[in-house]
file final_6.tsv (TSV, C-alpha atoms)
chain	number	residue	atom	x	y	z
A	1	MET	CA	61.02	179.74	109.59
A	2	ILE	CA	60.46	180.72	105.97
A	3	PRO	CA	63.19	178.40	104.63
A	4	LEU	CA	61.85	175.37	106.52
A	5	ILE	CA	58.29	175.96	105.35
A	6	GLY	CA	59.49	176.58	101.81
A	7	LEU	CA	61.53	173.38	101.82
A	8	LEU	CA	58.60	171.29	103.08
A	9	ALA	CA	56.22	172.95	100.62
A	10	GLY	CA	58.67	172.24	97.79
A	11	ILE	CA	58.96	168.57	98.74
A	12	VAL	CA	55.17	168.25	98.93
A	13	VAL	CA	54.76	170.00	95.57
A	14	GLY	CA	57.38	167.75	94.00
A	15	LEU	CA	55.76	164.60	95.36
A	16	VAL	CA	52.25	165.63	94.35
A	17	LEU	CA	52.92	167.13	90.91
A	18	GLU	CA	55.76	164.73	89.96
A	19	PRO	CA	57.21	167.11	87.37
A	20	SER	CA	59.27	165.29	84.77
A	21	ILE	CA	62.77	166.60	84.20
A	22	PRO	CA	63.80	166.77	80.52
A	23	LEU	CA	66.16	163.95	79.61
A	24	ALA	CA	68.97	166.35	78.70
A	25	LEU	CA	68.92	167.89	82.19
A	26	GLN	CA	68.77	164.62	84.14
A	27	PRO	CA	72.57	164.18	84.59
A	28	TYR	CA	72.70	167.58	86.30
A	29	LEU	CA	70.00	166.83	88.86
A	30	PRO	CA	72.25	165.07	91.43
A	31	ILE	CA	74.92	167.75	91.04
A	32	ALA	CA	72.30	170.47	91.50
A	33	ILE	CA	71.12	168.77	94.68
A	34	VAL	CA	74.62	168.55	96.15
A	35	ALA	CA	75.17	172.22	95.27
A	36	ALA	CA	71.84	173.10	96.89
A	37	MET	CA	72.81	171.19	100.05
A	38	ASP	CA	76.08	173.12	100.17
A	39	ALA	CA	74.19	176.41	99.89
A	40	ILE	CA	71.70	175.37	102.58
A	41	PHE	CA	74.30	174.33	105.13
A	42	GLY	CA	76.42	177.40	104.40
A	43	ALA	CA	73.38	179.58	104.90
A	44	PHE	CA	72.45	177.80	108.13
A	45	ARG	CA	75.94	178.31	109.51
A	46	ALA	CA	75.83	181.97	108.54
A	47	TYR	CA	72.45	182.21	110.24
A	48	LEU	CA	73.90	180.76	113.46
A	49	GLU	CA	76.78	183.18	113.26
A	50	GLY	CA	74.30	185.99	112.87
A	51	SER	CA	75.38	187.06	109.41
A	52	PHE	CA	72.65	185.50	107.27
A	53	SER	CA	71.42	187.45	104.30
A	54	ASP	CA	68.61	186.48	101.92
A	55	ARG	CA	70.31	187.98	98.93
A	56	VAL	CA	73.61	186.23	99.45
A	57	PHE	CA	71.82	182.93	99.96
A	58	VAL	CA	69.80	183.22	96.76
A	59	VAL	CA	72.80	184.34	94.75
A	60	SER	CA	75.08	181.66	96.21
A	61	PHE	CA	72.50	178.93	95.54
A	62	VAL	CA	71.86	179.93	91.95
A	63	SER	CA	75.53	180.43	91.14
A	64	ASN	CA	76.48	177.15	92.87
A	65	VAL	CA	73.98	175.18	90.82
A	66	LEU	CA	74.85	176.92	87.57
A	67	ILE	CA	78.62	176.59	88.00
A	68	ALA	CA	78.35	172.92	89.03
A	69	ALA	CA	76.12	172.19	86.04
A	70	ALA	CA	78.42	174.13	83.71
A	71	ILE	CA	81.48	172.23	84.91
A	72	VAL	CA	79.72	168.91	84.36
A	73	TYR	CA	78.42	170.06	80.97
A	74	VAL	CA	81.88	171.08	79.78
A	75	GLY	CA	83.25	167.81	81.16
A	76	ASP	CA	80.63	165.87	79.20
A	77	GLN	CA	81.62	167.68	76.01
A	78	ILE	CA	85.32	166.88	76.41
A	79	GLY	CA	84.79	163.34	77.67
A	80	VAL	CA	85.66	163.70	81.36
A	81	GLY	CA	82.13	164.34	82.60
A	82	SER	CA	82.08	161.63	85.27
A	83	GLN	CA	85.50	162.63	86.64
A	84	LEU	CA	84.52	166.28	86.83
A	85	SER	CA	81.22	165.47	88.55
A	86	THR	CA	83.21	163.41	91.05
A	87	GLY	CA	85.45	166.44	91.61
A	88	VAL	CA	82.48	168.75	92.10
A	89	VAL	CA	80.84	166.32	94.51
A	90	VAL	CA	84.08	165.89	96.50
A	91	VAL	CA	84.68	169.62	96.90
A	92	LEU	CA	81.06	170.37	97.80
A	93	ALA	CA	80.96	167.39	100.18
A	94	ILE	CA	84.06	168.66	102.01
A	95	ARG	CA	82.38	172.03	102.43
A	96	ILE	CA	79.16	170.43	103.62
A	97	PHE	CA	81.08	168.36	106.19
A	98	THR	CA	82.98	171.39	107.48
A	99	ASN	CA	79.83	173.47	107.74
A	100	VAL	CA	77.84	170.73	109.44
A	101	ALA	CA	80.68	170.22	111.92
A	102	ALA	CA	80.66	173.95	112.70
A	103	ILE	CA	76.86	173.93	113.04
A	104	ARG	CA	77.11	170.97	115.38
A	105	ARG	CA	79.69	172.79	117.52
A	106	VAL	CA	77.45	175.83	117.80
A	107	LEU	CA	74.24	173.91	118.48
A	108	PHE	CA	75.52	171.28	120.90
A	109	ARG	CA	78.71	172.95	122.08
A	110	ALA	CA	80.55	169.70	121.51
B	1	MET	CA	96.87	170.67	99.35
B	2	ASP	CA	96.48	174.44	99.25
B	3	LEU	CA	93.20	174.07	97.41
B	4	LEU	CA	91.82	171.56	99.93
B	5	LEU	CA	92.89	173.73	102.86
B	6	GLN	CA	91.14	176.68	101.28
B	7	VAL	CA	87.98	174.65	100.83
B	8	VAL	CA	88.10	173.57	104.47
B	9	ARG	CA	88.98	176.97	105.93
B	10	GLN	CA	86.48	179.00	103.96
B	11	PRO	CA	83.36	176.84	103.81
B	12	VAL	CA	80.90	179.73	104.23
B	13	ASP	CA	80.46	182.19	101.45
B	14	PRO	CA	82.54	185.23	102.53
B	15	ASP	CA	79.78	187.44	101.15
B	16	TYR	CA	77.69	186.66	104.22
B	17	ALA	CA	80.28	188.35	106.44
B	18	ALA	CA	80.71	191.21	103.97
B	19	VAL	CA	76.99	191.93	103.79
B	20	ALA	CA	76.65	191.63	107.58
B	21	ASP	CA	79.48	194.11	108.05
B	22	ARG	CA	77.67	196.59	105.85
B	23	GLY	CA	74.67	196.07	108.08
B	24	GLY	CA	72.52	195.21	105.13
B	25	THR	CA	70.29	192.40	106.41
B	26	SER	CA	67.29	193.75	104.60
B	27	SER	CA	63.94	192.04	104.82
B	28	ARG	CA	62.96	192.76	101.24
B	29	GLY	CA	64.14	189.48	99.77
B	30	HIS	CA	61.90	187.14	101.74
B	31	TRP	CA	59.90	186.04	98.72
B	32	ARG	CA	63.09	185.19	96.86
B	33	LEU	CA	64.28	183.10	99.79
B	34	ALA	CA	60.94	181.31	99.89
B	35	LEU	CA	61.04	180.69	96.14
B	36	VAL	CA	64.56	179.24	96.27
B	37	THR	CA	63.74	176.95	99.18
B	38	VAL	CA	60.64	175.71	97.35
B	39	VAL	CA	62.81	175.01	94.28
B	40	ILE	CA	65.30	173.10	96.45
B	41	GLY	CA	62.47	171.05	97.96
B	42	VAL	CA	61.13	170.21	94.50
B	43	LEU	CA	64.64	169.16	93.43
B	44	PHE	CA	64.94	166.79	96.39
B	45	ALA	CA	61.52	165.28	95.79
B	46	VAL	CA	62.01	164.83	92.04
B	47	ALA	CA	65.44	163.23	92.43
B	48	ALA	CA	64.20	160.84	95.11
B	49	LEU	CA	61.15	159.93	93.03
B	50	GLN	CA	63.18	159.31	89.91
B	51	THR	CA	65.75	157.13	91.64
B	52	SER	CA	63.16	155.06	93.46
B	53	ARG	CA	60.98	154.74	90.38
B	54	SER	CA	63.65	153.74	87.88
B	55	ALA	CA	65.19	151.02	90.06
B	56	PRO	CA	62.23	148.57	90.08
B	57	VAL	CA	61.57	149.28	86.40
B	58	GLN	CA	65.10	148.22	85.47
B	59	GLN	CA	64.84	145.18	87.70
B	60	SER	CA	61.54	144.05	86.22
B	61	GLU	CA	62.76	144.68	82.67
B	62	ARG	CA	65.78	142.52	83.35
B	63	ARG	CA	63.64	139.79	84.85
B	64	GLU	CA	61.26	139.88	81.91
B	65	LEU	CA	64.15	139.65	79.45
B	66	ILE	CA	65.56	136.65	81.31
B	67	SER	CA	62.23	134.88	81.28
B	68	ARG	CA	61.83	135.60	77.57
B	69	VAL	CA	65.26	134.12	76.90
B	70	ARG	CA	64.33	131.06	78.95
B	71	THR	CA	61.07	130.60	77.06
B	72	ALA	CA	62.83	130.91	73.72
B	73	GLU	CA	65.42	128.37	74.81
B	74	THR	CA	62.76	125.89	75.87
B	75	GLU	CA	60.99	126.38	72.56
B	76	GLN	CA	64.25	125.83	70.73
B	77	ASP	CA	64.85	122.65	72.71
B	78	ASP	CA	61.36	121.39	71.82
B	79	LEU	CA	61.89	122.11	68.15
B	80	ARG	CA	65.26	120.39	68.21
B	81	ALA	CA	63.75	117.32	69.85
B	82	ARG	CA	61.06	117.29	67.16
B	83	ALA	CA	63.64	117.66	64.41
B	84	THR	CA	65.62	114.75	65.86
B	85	ALA	CA	62.51	112.57	66.09
B	86	LEU	CA	61.50	113.44	62.54
B	87	SER	CA	64.93	112.65	61.17
B	88	ALA	CA	64.81	109.31	62.99
B	89	ASP	CA	61.48	108.72	61.21
B	90	ILE	CA	63.08	109.62	57.90
B	91	THR	CA	65.89	107.15	58.53
B	92	ALA	CA	63.44	104.40	59.44
B	93	LEU	CA	61.24	105.05	56.38
B	94	ARG	CA	64.24	105.19	54.09
B	95	SER	CA	65.64	101.92	55.34
B	96	ALA	CA	62.19	100.38	54.88
B	97	ALA	CA	62.10	101.66	51.31
B	98	LEU	CA	65.64	100.50	50.56
B	99	SER	CA	65.32	96.96	51.84
B	100	GLY	CA	64.83	95.45	48.41
B	101	ASP	CA	67.59	94.25	46.12
B	102	ALA	CA	71.37	94.29	46.46
B	103	GLY	CA	71.71	97.72	44.80
B	104	SER	CA	69.46	99.47	47.27
B	105	ARG	CA	71.11	97.64	50.20
B	106	ASP	CA	74.41	99.02	48.97
B	107	LEU	CA	72.88	102.48	48.79
B	108	GLN	CA	71.50	102.06	52.31
B	109	ARG	CA	74.94	101.16	53.68
B	110	ARG	CA	76.46	104.18	52.04
B	111	VAL	CA	73.75	106.45	53.44
B	112	GLU	CA	74.34	105.09	56.95
B	113	GLN	CA	78.05	105.68	56.68
B	114	LEU	CA	77.59	109.23	55.44
B	115	ASP	CA	74.97	109.94	58.11
B	116	ALA	CA	77.41	109.02	60.85
B	117	ALA	CA	80.26	111.00	59.31
B	118	THR	CA	78.24	114.16	58.73
B	119	GLY	CA	76.59	114.19	62.15
B	120	ASN	CA	73.07	113.42	60.93
B	121	VAL	CA	72.65	110.49	63.35
B	122	ALA	CA	73.82	109.78	66.87
B	123	VAL	CA	77.04	107.79	67.03
B	124	THR	CA	78.76	105.77	69.69
B	125	GLY	CA	82.31	104.53	70.12
B	126	PRO	CA	85.52	104.87	72.12
B	127	GLY	CA	87.27	108.20	72.37
B	128	VAL	CA	88.54	110.92	74.62
B	129	GLU	CA	86.79	113.42	76.81
B	130	VAL	CA	88.36	116.84	77.44
B	131	VAL	CA	87.07	119.12	80.20
B	132	VAL	CA	88.26	122.73	80.12
B	133	ASP	CA	87.27	125.65	82.30
B	134	ASP	CA	88.21	129.21	83.22
B	135	ALA	CA	90.94	129.73	85.77
B	136	SER	CA	88.95	129.86	88.99
B	137	THR	CA	91.42	131.86	91.07
B	138	SER	CA	90.98	135.26	89.49
B	139	GLY	CA	88.22	137.23	87.84
B	140	ASP	CA	90.63	138.35	85.14
B	141	GLU	CA	89.05	138.31	81.71
B	142	ARG	CA	92.22	136.96	80.15
B	143	ASP	CA	91.96	133.82	82.30
B	144	GLN	CA	88.66	132.82	80.70
B	145	VAL	CA	88.16	130.28	77.96
B	146	LEU	CA	87.39	132.08	74.71
B	147	ASP	CA	85.60	130.84	71.63
B	148	LEU	CA	88.99	130.84	69.90
B	149	ASP	CA	90.41	128.48	72.55
B	150	LEU	CA	87.50	126.07	72.05
B	151	GLN	CA	87.90	126.26	68.26
B	152	ILE	CA	91.60	125.44	68.56
B	153	LEU	CA	90.82	122.57	70.94
B	154	VAL	CA	88.22	121.09	68.59
B	155	ASN	CA	90.42	121.53	65.54
B	156	GLY	CA	93.26	119.83	67.39
B	157	LEU	CA	90.98	116.90	68.16
B	158	TRP	CA	89.96	116.62	64.50
B	159	GLN	CA	93.63	116.77	63.60
B	160	ALA	CA	94.37	114.04	66.15
B	161	GLY	CA	91.98	111.71	64.34
B	162	ALA	CA	88.57	112.39	65.84
B	163	GLU	CA	85.66	111.10	63.79
B	164	ALA	CA	82.87	112.85	65.67
B	165	VAL	CA	83.03	115.72	68.17
B	166	ALA	CA	80.46	117.20	70.53
B	167	VAL	CA	80.79	120.18	72.88
B	168	ASN	CA	78.61	120.03	76.00
B	169	GLY	CA	76.34	117.56	74.19
B	170	HIS	CA	76.04	119.63	71.00
B	171	ARG	CA	77.29	117.60	68.06
B	172	LEU	CA	79.57	119.44	65.67
B	173	SER	CA	78.82	119.16	61.98
B	174	SER	CA	79.68	121.18	58.93
B	175	LEU	CA	76.90	123.61	59.86
B	176	THR	CA	77.75	124.27	63.51
B	177	ALA	CA	79.77	127.28	64.53
B	178	ILE	CA	81.72	127.89	67.72
B	179	ARG	CA	81.60	131.55	68.47
B	180	SER	CA	81.03	133.97	71.29
B	181	ALA	CA	77.87	135.98	71.75
B	182	GLY	CA	78.06	138.46	74.60
B	183	ASP	CA	79.71	136.81	77.56
B	184	ALA	CA	78.91	133.25	76.55
B	185	ILE	CA	80.36	130.86	74.00
B	186	THR	CA	77.75	129.41	71.70
B	187	VAL	CA	77.87	126.17	69.78
B	188	ASP	CA	75.22	125.66	67.15
B	189	TYR	CA	73.62	128.91	68.41
B	190	ARG	CA	73.11	127.52	71.91
B	191	SER	CA	75.01	129.22	74.71
B	192	LEU	CA	77.14	126.94	76.81
B	193	ASN	CA	77.56	126.77	80.56
B	194	ARG	CA	80.96	126.21	82.13
B	195	PRO	CA	82.80	123.87	82.36
B	196	TYR	CA	83.17	122.98	78.69
B	197	ARG	CA	83.14	119.25	78.00
B	198	VAL	CA	84.43	118.22	74.58
B	199	GLU	CA	83.87	114.59	73.59
B	200	ALA	CA	85.59	113.13	70.56
B	201	ILE	CA	85.18	109.65	69.15
B	202	GLY	CA	88.34	108.15	67.71
B	203	ASP	CA	91.28	105.91	68.56
B	204	ARG	CA	91.58	106.35	72.31
B	205	ARG	CA	95.17	105.07	72.43
B	206	THR	CA	96.70	107.39	69.84
B	207	MET	CA	94.49	110.50	70.15
B	208	PRO	CA	95.87	111.91	73.43
B	209	ALA	CA	99.46	111.71	72.18
B	210	ALA	CA	98.57	113.06	68.74
B	211	PHE	CA	96.69	115.95	70.33
B	212	ALA	CA	99.56	116.77	72.68
B	213	GLU	CA	101.96	116.93	69.73
B	214	SER	CA	99.74	119.20	67.67
B	215	ALA	CA	99.73	123.01	67.75
B	216	ALA	CA	96.44	122.87	69.65
B	217	GLY	CA	98.08	120.75	72.35
B	218	ALA	CA	100.86	123.32	72.71
B	219	TRP	CA	98.28	126.14	72.84
B	220	TRP	CA	96.32	124.46	75.62
B	221	HIS	CA	99.45	123.42	77.49
B	222	ASP	CA	100.42	127.07	77.55
B	223	LEU	CA	96.94	128.15	78.69
B	224	SER	CA	96.84	125.66	81.55
B	225	GLN	CA	100.43	126.34	82.65
B	226	SER	CA	100.62	130.12	82.43
B	227	ARG	CA	96.97	131.06	82.91
B	228	GLY	CA	95.94	128.29	85.28
B	229	MET	CA	92.98	127.19	83.16
B	230	ARG	CA	91.57	123.75	83.80
B	231	PHE	CA	92.42	121.15	81.15
B	232	GLU	CA	91.67	117.48	81.78
B	233	LEU	CA	91.93	114.83	79.09
B	234	THR	CA	90.60	111.36	79.88
B	235	ASP	CA	89.99	108.45	77.53
B	236	SER	CA	86.72	106.64	77.52
B	237	SER	CA	85.77	103.24	76.20
B	238	GLU	CA	82.28	104.28	75.24
B	239	LEU	CA	81.01	107.69	74.25
B	240	THR	CA	77.63	108.44	72.71
B	241	LEU	CA	77.27	111.65	70.74
B	242	PRO	CA	73.83	112.89	69.70
B	243	ALA	CA	72.87	113.90	66.17
B	244	ASP	CA	73.05	117.52	65.07
B	245	PRO	CA	69.37	118.43	64.74
B	246	GLY	CA	70.02	121.45	62.56
B	247	LEU	CA	71.65	119.51	59.75
B	248	THR	CA	69.30	120.33	56.92
B	249	LEU	CA	70.39	121.63	53.55
B	250	ARG	CA	67.93	124.04	51.99
B	251	TRP	CA	69.92	125.37	49.07
B	252	ALA	CA	72.82	123.03	48.41
B	253	ARG	CA	72.15	120.15	45.99
B	254	ALA	CA	74.39	117.18	45.29
B	255	THR	CA	75.98	117.28	41.83
B	256	SER	CA	75.35	113.80	40.52
call {"tool": "encode", "arguments": {"input": "final_6.tsv", "output": "structure tokens"}}
result
Amino acid sequence: MIPLIGLLAGIVVGLVLEPSIPLALQPYLPIAIVAAMDAIFGAFRAYLEGSFSDRVFVVSFVSNVLIAAAIVYVGDQIGVGSQLSTGVVVVLAIRIFTNVAAIRRVLFRA
Amino acid sequence: MDLLLQVVRQPVDPDYAAVADRGGTSSRGHWRLALVTVVIGVLFAVAALQTSRSAPVQQSERRELISRVRTAETEQDDLRARATALSADITALRSAALSGDAGSRDLQRRVEQLDAATGNVAVTGPGVEVVVDDASTSGDERDQVLDLDLQILVNGLWQAGAEAVAVNGHRLSSLTAIRSAGDAITVDYRSLNRPYRVEAIGDRRTMPAAFAESAAGAWWHDLSQSRGMRFELTDSSELTLPADPGLTLRWARATS
């Protein structure tokens, strides 16, 4: 329940306050979102399997976002930023798909 | 493949299982969980806002730029029309002033001849009309007509005996340049639309053959054969080329 409320509250806060992201951080925003989605679906699957843990979720989210941003940052410095962000997005998207498929199997038994 | 298989087989953080095995599903970290979910929600909202906000801004900026270009072009056209009308006035006044004795009539004839040769007045006569265009079959950049190709074509026409040349209705004089600006070719600082129509006044019987024999003819033969560009040369019994409205010397003086 807490995660759902938190998510909705965050969306409302974002829409109301409209915080402006510094220009230097803007390229990392989409990557951070994909990393966050990966963490969310992983956590949801763990929750359905009965092994959810707050601490692991928080740590996995923060490290996901930081590592994804770091990879893209390094890529930007050496001139392959867009390719590396594509790589990050592909890997995270595969994980999201696998997790969502597992969640679907558990929820709908199909 | 090993990497992809690993990604697919281990999509959930193995720490979840490890922590669950230790039986450590503590309830202390609820506020951290709430904080992280709020942060994720803010991320979603901000990204969605930014994407939806920047799209119409870019669109409207583009539209405004286009309309500004259009306005400037219309203004330029107006000014050119005025310059042409004024130079017609000048010609009329000068011929009125020079209608006296034999000496001034001689001067008048010389002025008329030079006017036609330099592009200061509209001229008419027989000649050839060349229509060239990009190869339509592919979007390849190398199959497009470049400013260099147009320059070679025009130079070939001069070489073939043209006395006056205009590209898409823009008369070429000693002050007009054919060059590319962005994606478009400009003549006399006006951007052209495809297809490019080059009119040249001269001997319509000898010009096509002379052009075909010149280096420019070989260049364009190659372009149309190997690149598939359009190249059509037709002769015409009557062509009318306008004056170059920008033909004003501000610094150069005749040495008499």
call {"tool": "interface_residues", "arguments": {"input": "final_6.tsv", "of": "chain B", "to": "chain A", "cutoff": "6 Å", "atoms": "only C-alpha atoms", "output": "list in words"}}
result
Pro11, Val12, Tyr16, Ala17, Ala20, Thr25, Gly29, Leu33, Ala34, Thr37, Val38, Gly41, Val42, Ala45 and Val46 of chain B
call {"tool": "atom_distance", "arguments": {"input": "final_6.tsv", "atom1": "CA of Leu148 in chain B", "atom2": "CA of Val187 in chain B"}}
result
12.1 Å
call {"tool": "atom_distance", "arguments": {"input": "final_6.tsv", "atom1": "CA of Ala160 in chain B", "atom2": "CA of Thr240 in chain B"}}
result
18.8 Å
call {"tool": "closest_residue", "arguments": {"input": "final_6.tsv", "among": "B:Gly202, B:Leu93, B:Pro195, B:Gln59", "to": "Ser136 in chain B", "atoms": "all atoms listed in the file"}}
result
B:Pro195
call {"tool": "atom_distance", "arguments": {"input": "final_6.tsv", "atom1": "CA of Phe211 in chain B", "atom2": "CA of Gln159 in chain B"}}
result
7.4 Å
call {"tool": "residues_around", "arguments": {"input": "final_6.tsv", "residues": "Glu232 in chain B", "least_positions_apart": "2", "cutoff": "8 Å", "atoms": "all atoms listed in the file", "output": "count of residues only"}}
result
5
call {"tool": "residues_around", "arguments": {"input": "final_6.tsv", "residues": "Ala81 in chain B", "least_positions_apart": "4", "cutoff": "8 Å", "atoms": "all atoms listed in the file", "output": "mmCIF file with C-alpha atoms, in the frame of the given file"}}
result
data_model
loop_
_atom_site.group_PDB
_atom_site.id
_atom_site.type_symbol
_atom_site.label_atom_id
_atom_site.label_comp_id
_atom_site.auth_asym_id
_atom_site.auth_seq_id
_atom_site.Cartn_x
_atom_site.Cartn_y
_atom_site.Cartn_z
ATOM 1 C CA ASP B 77 64.850 122.650 72.710
ATOM 2 C CA ALA B 85 62.510 112.570 66.090
ATOM 3 C CA PRO B 245 69.370 118.430 64.740
#
call {"tool": "closest_residue", "arguments": {"input": "final_6.tsv", "among": "A:Ala101, A:Leu48, A:Ile67, A:Pro27", "to": "Val88 in chain A", "atoms": "only C-alpha atoms"}}
result
A:Ile67
call {"tool": "closest_residue", "arguments": {"input": "final_6.tsv", "among": "A:Val72, A:Leu66, A:Leu23, A:Leu107", "to": "Val89 in chain A", "atoms": "only C-alpha atoms"}}
result
A:Val72
